[in-house]
Structures are given as C-alpha cells and as structure tokens.
$ cat model-v6.tsv   # TSV, C-alpha atoms
chain	number	residue	atom	x	y	z
K	20	MET	CA	-36.48	-8.50	2.14
K	21	ASP	CA	-32.88	-9.68	1.86
K	22	HIS	CA	-31.28	-9.13	5.28
K	23	ASP	CA	-27.81	-9.43	3.77
K	24	ASP	CA	-28.29	-6.07	2.04
K	25	PRO	CA	-27.92	-3.26	4.63
K	26	HIS	CA	-29.03	-0.66	2.10
K	27	GLU	CA	-32.42	-2.35	1.81
K	28	SER	CA	-33.09	-3.16	5.47
K	29	TRP	CA	-31.85	0.18	6.84
K	30	ASN	CA	-32.82	2.40	3.91
K	31	LEU	CA	-29.22	3.60	3.75
K	32	PRO	CA	-28.18	6.00	1.05
K	33	ALA	CA	-26.62	4.16	-1.88
K	34	ASP	CA	-23.77	6.66	-1.86
K	35	ASN	CA	-22.30	8.17	1.32
K	36	ASN	CA	-22.46	11.63	-0.24
K	37	GLU	CA	-26.18	11.36	-1.04
K	38	THR	CA	-27.32	12.69	2.35
K	39	ARG	CA	-24.45	15.17	2.55
K	40	SER	CA	-25.04	16.91	-0.78
K	41	ARG	CA	-27.68	19.44	0.26
K	42	THR	CA	-27.81	22.77	-1.50
K	43	THR	CA	-28.42	26.19	-0.02
K	44	ALA	CA	-31.91	26.07	-1.56
K	45	ASP	CA	-32.56	22.82	0.32
K	46	ALA	CA	-31.45	24.40	3.60
K	47	ASP	CA	-33.64	27.45	2.95
K	48	ALA	CA	-36.63	25.22	2.21
K	49	ASP	CA	-36.08	23.46	5.54
K	50	ALA	CA	-35.78	26.69	7.53
K	51	ASP	CA	-39.40	26.46	8.63
K	52	ALA	CA	-39.61	24.55	11.95
K	53	ASP	CA	-42.72	22.76	10.64
K	54	THR	CA	-40.66	21.13	7.90
K	55	GLU	CA	-40.14	17.47	8.61
K	56	VAL	CA	-36.55	16.23	8.56
K	57	ASP	CA	-35.88	12.74	7.17
K	58	PHE	CA	-34.82	11.46	10.59
K	59	GLN	CA	-33.78	7.82	10.38
K	60	VAL	CA	-31.84	6.62	13.45
K	61	ILE	CA	-32.42	7.30	17.15
K	62	GLY	CA	-29.69	6.22	19.54
K	63	ALA	CA	-31.15	5.35	22.93
K	64	CYS	CA	-27.71	5.00	24.51
K	65	TRP	CA	-26.34	6.31	27.79
K	66	GLY	CA	-23.32	8.57	27.59
K	67	ARG	CA	-19.88	6.99	28.01
K	68	THR	CA	-21.06	3.74	26.40
K	69	GLY	CA	-19.52	4.24	22.96
K	70	THR	CA	-21.86	6.94	21.72
K	71	HIS	CA	-19.05	8.87	20.03
K	72	SER	CA	-18.04	5.69	18.18
K	73	LEU	CA	-21.70	5.20	17.23
K	74	LYS	CA	-21.80	8.80	15.96
K	75	ASN	CA	-18.69	8.16	13.86
K	76	ALA	CA	-20.12	4.90	12.48
K	77	LEU	CA	-23.43	6.54	11.55
K	78	GLU	CA	-21.59	9.36	9.81
K	79	ILE	CA	-19.47	6.85	7.85
K	80	LEU	CA	-22.78	5.36	6.68
K	81	GLY	CA	-23.90	8.79	5.50
K	82	TYR	CA	-26.07	10.04	8.37
K	83	GLU	CA	-25.62	13.42	10.04
K	84	CYS	CA	-25.62	12.51	13.74
K	85	TYR	CA	-26.69	14.80	16.60
K	86	HIS	CA	-24.51	14.16	19.67
K	87	MET	CA	-23.68	16.09	22.86
K	88	LYS	CA	-20.88	17.73	20.88
K	89	GLU	CA	-23.53	19.47	18.76
K	90	VAL	CA	-25.21	20.95	21.83
K	91	ILE	CA	-21.89	22.50	22.78
K	92	SER	CA	-20.89	23.62	19.28
K	93	HIS	CA	-24.29	25.11	18.39
K	94	GLY	CA	-24.43	27.08	21.60
K	95	GLU	CA	-27.18	28.87	23.42
K	96	ASN	CA	-30.16	28.03	21.17
K	97	HIS	CA	-29.58	24.31	21.50
K	98	THR	CA	-28.85	24.57	25.22
K	99	ARG	CA	-32.09	26.50	25.79
K	100	PHE	CA	-34.07	23.95	23.75
K	101	TRP	CA	-32.86	21.02	25.90
K	102	GLN	CA	-33.37	22.97	29.12
K	103	ARG	CA	-36.95	23.68	28.05
K	104	VAL	CA	-37.52	20.03	27.17
K	105	ALA	CA	-36.07	18.83	30.51
K	106	LYS	CA	-38.13	21.37	32.47
K	107	ASN	CA	-41.35	20.12	30.86
K	108	GLN	CA	-40.41	16.44	31.05
K	109	SER	CA	-42.80	15.73	33.92
K	110	GLN	CA	-45.82	16.66	31.81
K	111	ALA	CA	-47.86	13.70	30.64
K	112	GLU	CA	-47.70	14.79	26.99
K	113	ILE	CA	-44.67	16.89	26.13
K	114	ASP	CA	-45.11	19.13	23.10
K	115	ILE	CA	-41.62	18.95	21.58
K	116	ASN	CA	-40.60	19.73	18.03
K	117	PHE	CA	-37.13	18.24	17.62
K	118	ASN	CA	-36.85	19.93	14.24
K	119	GLU	CA	-35.92	23.01	16.25
K	120	VAL	CA	-32.45	21.50	16.74
K	121	PHE	CA	-32.31	18.80	14.06
K	122	ILE	CA	-33.02	21.15	11.14
K	123	MET	CA	-30.15	23.55	10.66
K	124	ASN	CA	-30.98	26.89	9.13
K	125	ASN	CA	-28.23	29.14	10.44
K	126	ASN	CA	-25.90	28.87	7.43
K	127	SER	CA	-25.49	27.04	4.16
K	128	LYS	CA	-22.68	24.80	5.50
K	129	SER	CA	-24.92	23.16	8.11
K	130	LYS	CA	-26.73	19.95	7.29
K	131	ASN	CA	-29.93	18.60	8.73
K	132	PHE	CA	-29.41	15.86	11.26
K	133	THR	CA	-30.77	12.43	10.32
K	134	ALA	CA	-29.64	10.53	13.44
K	135	SER	CA	-29.08	11.14	17.14
K	136	CYS	CA	-27.24	9.56	20.07
K	137	ASP	CA	-25.86	10.50	23.49
K	138	PHE	CA	-27.22	13.04	25.95
K	139	PRO	CA	-29.38	14.96	25.98
K	140	SER	CA	-31.34	13.53	23.04
K	141	ALA	CA	-31.08	9.90	24.19
K	142	VAL	CA	-33.20	10.70	27.25
K	143	PHE	CA	-36.06	11.60	24.91
K	144	TRP	CA	-35.81	8.70	22.48
K	145	LYS	CA	-39.49	7.80	22.91
K	146	GLU	CA	-40.56	11.36	22.14
K	147	GLN	CA	-38.29	11.37	19.07
K	148	LEU	CA	-39.86	8.12	17.91
K	149	LYS	CA	-43.33	9.71	18.18
K	150	GLN	CA	-42.21	12.55	15.93
K	151	TYR	CA	-40.19	10.31	13.58
K	152	PRO	CA	-42.10	6.99	13.59
K	153	LYS	CA	-40.16	5.50	10.67
K	154	ALA	CA	-36.81	5.89	12.45
K	155	LYS	CA	-34.87	2.86	13.67
K	156	VAL	CA	-33.91	2.81	17.37
K	157	ILE	CA	-30.49	1.60	18.49
K	158	LEU	CA	-30.47	0.50	22.11
K	159	GLY	CA	-27.09	0.62	23.79
K	160	TRP	CA	-25.82	0.06	27.26

$ encode --input "model-v6.tsv" --output "structure tokens"
Amino acid sequence: MDHDDPHESWNLPADNNETRSRTTADADADADADTEVDFQVIGACWGRTGTHSLKNALEILGYECYHMKEVISHGENHTRFWQRVAKNQSQAEIDINFNEVFIMNNNSKSKNFTASCDFPSAVFWKEQLKQYPKAKVILGW
C-alpha cells in the first residue's frame, strides 16, 4: 500500500460528492434500523479539543460527520437515544445500535453519517468500533 495516497489508505471517496449524492431511494432503503451504514471514522476526542475543526475537515474529505451539533439539531429522538445509552453504560455488554442516530430516515435531504466526533458519541467510541469494525479511530486530546 502506498502511504502517500490518502484515498488508498483511508478508503476516501475519489470525489467529494460521491458520499453526498444519495437519492431518496437510497434513504428509503436505509430506513430500517438493521441496515448497516458505511461508517468509516470514529473520533475519540474530548469536547473543546478541536472537534468542530475535525468535523469540518472530515466533511471537506466527503464524510458526513455526527457531532454534538447534530444531537441538538435533530432534537428529542437523538437526545433520548444518548440518554438511554448513558443510562445503560454500566452494563457489562451494552446493546446499542448506533444506526438509530447515524442512519437518517426522516426526510430525503438528510444523509447517513459516516463519521463521528465530540460528545456524546466520543464517550462510546469502543462500542462504535464493535459495531463498525472497519472504521478508523482518530484519538484526540
């Protein structure tokens, strides 16, 4: 593998619009929570350490990045999901399906998320990696 080619080592889309050009039919096909999203990057970074800049950088590269801003903008369903996850965090094996918030099925303008960073998702980076084992993890501090 040639490490000078970021498209090869990171499996980046060749064109920035490749991951953004989803059709309504694609969104409808992903509406089922059991559908697996092509999740590629997990940001294990504490808030206030450049996570918004990381989000912007990932989006420039063509990823749709889930950040604390998405929890706020998507409202009650996302808030309830993270509250449920946090409440069950002490269990030895947490049964979490991140597709519940990473797959968007509420309208045709929404895109599935392919990356995450910042709270609350960063707290559960190990659980995300279990569900998306091919994803790369970015550690930040």

$ residues_around --input "model-v6.tsv" --residues "segment 57-66 of chain K" --least-positions-apart "6" --cutoff "6 Å" --atoms "only C-alpha atoms" --output "VMD selection string"
chain K and resid 133 to 137 141 144 154 to 160

$ atom_distance --input "model-v6.tsv" --atom1 "atom CA of Met87 of chain K" --atom2 "atom CA of His71 of chain K"
9.0 Å

$ atom_distance --input "model-v6.tsv" --atom1 "atom CA of Pro152 of chain K" --atom2 "atom CA of Gly94 of chain K"
27.9 Å

$ atom_distance --input "model-v6.tsv" --atom1 "atom CA of Ala105 of chain K" --atom2 "atom CA of Phe138 of chain K"
11.5 Å

$ closest_residue --input "model-v6.tsv" --among "K:Tyr151, K:Tyr82, K:His93, K:Lys145" --to "Asn124 of chain K" --atoms "all atoms listed in the file"
K:His93

$ closest_residue --input "model-v6.tsv" --among "K:Lys153, K:Lys106, K:His86, K:His97" --to "Glu119 of chain K" --atoms "all atoms listed in the file"
K:His97

$ closest_residue --input "model-v6.tsv" --among "K:Trp101, K:Ser92, K:Gln110, K:Gln147" --to "Ser129 of chain K" --atoms "only C-alpha atoms"
K:Ser92

$ axis_aligned_box --input "model-v6.tsv" --around "segment 136-139 of chain K" --padding-each-side "5 Å" --output "lines of an AutoDock Vina configuration file"
center_x = -27.6
center_y = 12.3
center_z = 23.0
size_x = 13.5
size_y = 15.4
size_z = 15.9
